[in-house]
Amino acid sequence: LNVNIKGFDLYYIFNHKRFSYPAAFSQSTCQKRSCGSPLIGIGYQSHHITLDHESLQERMNQHLDNRFENFELKLDSGLMFNKIKYTSYSLSGGYAYNWVFAKNWLFAASLSVGIGYKKSDGNLRKDDSFFLKDFNFDDFNFDGIGRFGIVYNNMKWYAGASTILHSYSYNKS
């Protein structure tokens with residue numbers, strides 16, 4: 001199995017003199033007053049996955065047949081591929097707000113809507129036992145992106161937690 005993932009997300013914060021995205025999501029600055037800002041962003045991701053499923057099946061048979069004599073060991077059909085390449089481009093826009101609710105405490109919320117272009121292709125094993133005949137798609141999709149975080153930062157000590165939620169809406173017959 002070989003996996004290679006590359007990507008980036010760039011954002012422009014319109015009210016960057018008063019609003020600090022890093023105060024919420026990288027704990028590298030402090031925000032003393034509540035403030036919000038519109039934002040726009042672009043993103044790119046590239047995933048390359050290769051798997052020698054025949055060699056994996058041979059190894060499973062070698063090492064596990066003695067332990068499971070009454071069972072026939074088979075790979076899941078979703079693992080029967082040699083190579084998959086997935087690429088995604090996106091544009092997004094939204095609003096972010098940092099709420100300073102107590103001294104040294106910050107709660108951040110960011111909501112964005114994005115449009116993306118996703119392209120994928122892969123060479124999967126194609127036979128009657130495999131229900132997905134190909135893994136190729138090339139289409140636009142919409143995405144809702146929510147980022148939430150809570151941070152304590154007194155310039156000597158900091159702690160925080162954050163999450164990113166996506167509502168991918170990709171449909172293909």
# chains A, B, ... in the order shown; residues from 1 in each chain; ligands from 1
$ residues_around --residues "segment 13-16 of chain A" --least-positions-apart "2" --cutoff "6 Å" --atoms "only C-alpha atoms" --output "list in words"
Arg18, Phe19, Ser37, Pro38 and Leu39 of chain A
$ write_last_selection --atoms "all heavy atoms" --output "CSV table (one decimal), in the first residue's frame"
chain,number,residue,atom,x,y,z
A,18,ARG,N,-8.7,43.4,12.7
A,18,ARG,CA,-9.4,43.2,14.0
A,18,ARG,C,-9.7,41.7,14.3
A,18,ARG,O,-9.8,41.3,15.4
A,18,ARG,CB,-10.7,43.9,14.0
A,18,ARG,CG,-10.4,45.4,14.0
A,18,ARG,CD,-11.7,46.2,14.2
A,18,ARG,NE,-11.5,47.6,13.9
A,18,ARG,CZ,-12.4,48.4,13.5
A,18,ARG,NH1,-13.6,47.9,13.3
A,18,ARG,NH2,-12.2,49.6,13.3
A,19,PHE,N,-9.8,40.9,13.2
A,19,PHE,CA,-10.2,39.5,13.4
A,19,PHE,C,-9.0,38.6,13.2
A,19,PHE,O,-8.2,38.8,12.2
A,19,PHE,CB,-11.3,39.2,12.4
A,19,PHE,CG,-11.7,37.7,12.4
A,19,PHE,CD1,-12.6,37.2,13.3
A,19,PHE,CD2,-11.1,36.8,11.5
A,19,PHE,CE1,-12.9,35.9,13.3
A,19,PHE,CE2,-11.4,35.5,11.4
A,19,PHE,CZ,-12.3,35.0,12.3
A,37,SER,N,-15.6,38.5,10.5
A,37,SER,CA,-15.2,38.9,9.2
A,37,SER,C,-15.7,38.0,8.1
A,37,SER,O,-15.7,36.8,8.3
A,37,SER,CB,-13.6,38.9,9.2
A,37,SER,OG,-13.2,39.2,7.9
A,38,PRO,N,-16.0,38.6,7.0
A,38,PRO,CA,-16.2,37.7,5.8
A,38,PRO,C,-14.9,37.1,5.3
A,38,PRO,O,-13.8,37.7,5.6
A,38,PRO,CB,-16.7,38.7,4.7
A,38,PRO,CG,-17.0,40.0,5.4
A,38,PRO,CD,-16.2,40.0,6.7
A,39,LEU,N,-14.9,36.0,4.7
A,39,LEU,CA,-13.7,35.4,4.2
A,39,LEU,C,-14.0,34.6,2.9
A,39,LEU,O,-15.1,34.3,2.6
A,39,LEU,CB,-13.1,34.4,5.2
A,39,LEU,CG,-14.0,33.3,5.8
A,39,LEU,CD1,-13.8,32.0,5.1
A,39,LEU,CD2,-13.6,33.1,7.3
$ closest_residue --among "A:Ser167, A:Asn98, A:Ser88, A:Ser110" --to "Ala23 of chain A" --atoms "only C-alpha atoms"
A:Asn98
$ closest_residue --among "A:Thr163, A:Thr87, A:Asn141, A:Ser92" --to "His48 of chain A" --atoms "only C-alpha atoms"
A:Thr87
$ residues_around --residues "Leu106 of chain A" --least-positions-apart "3" --cutoff "6 Å" --atoms "only C-alpha atoms" --output "list in words"
Trp99, Val100, Ile150 and Val151 of chain A
$ write_last_selection --atoms "C-alpha atoms" --output "compact mmCIF listing (two decimals), in the first residue's frame"
# COMPACT_ATOMS: atom_id res chain seq x y z
CA TRP A 99 -16.42 35.45 20.54
CA VAL A 100 -14.30 36.44 23.53
CA ILE A 150 -12.48 26.93 21.78
CA VAL A 151 -9.18 28.31 23.06
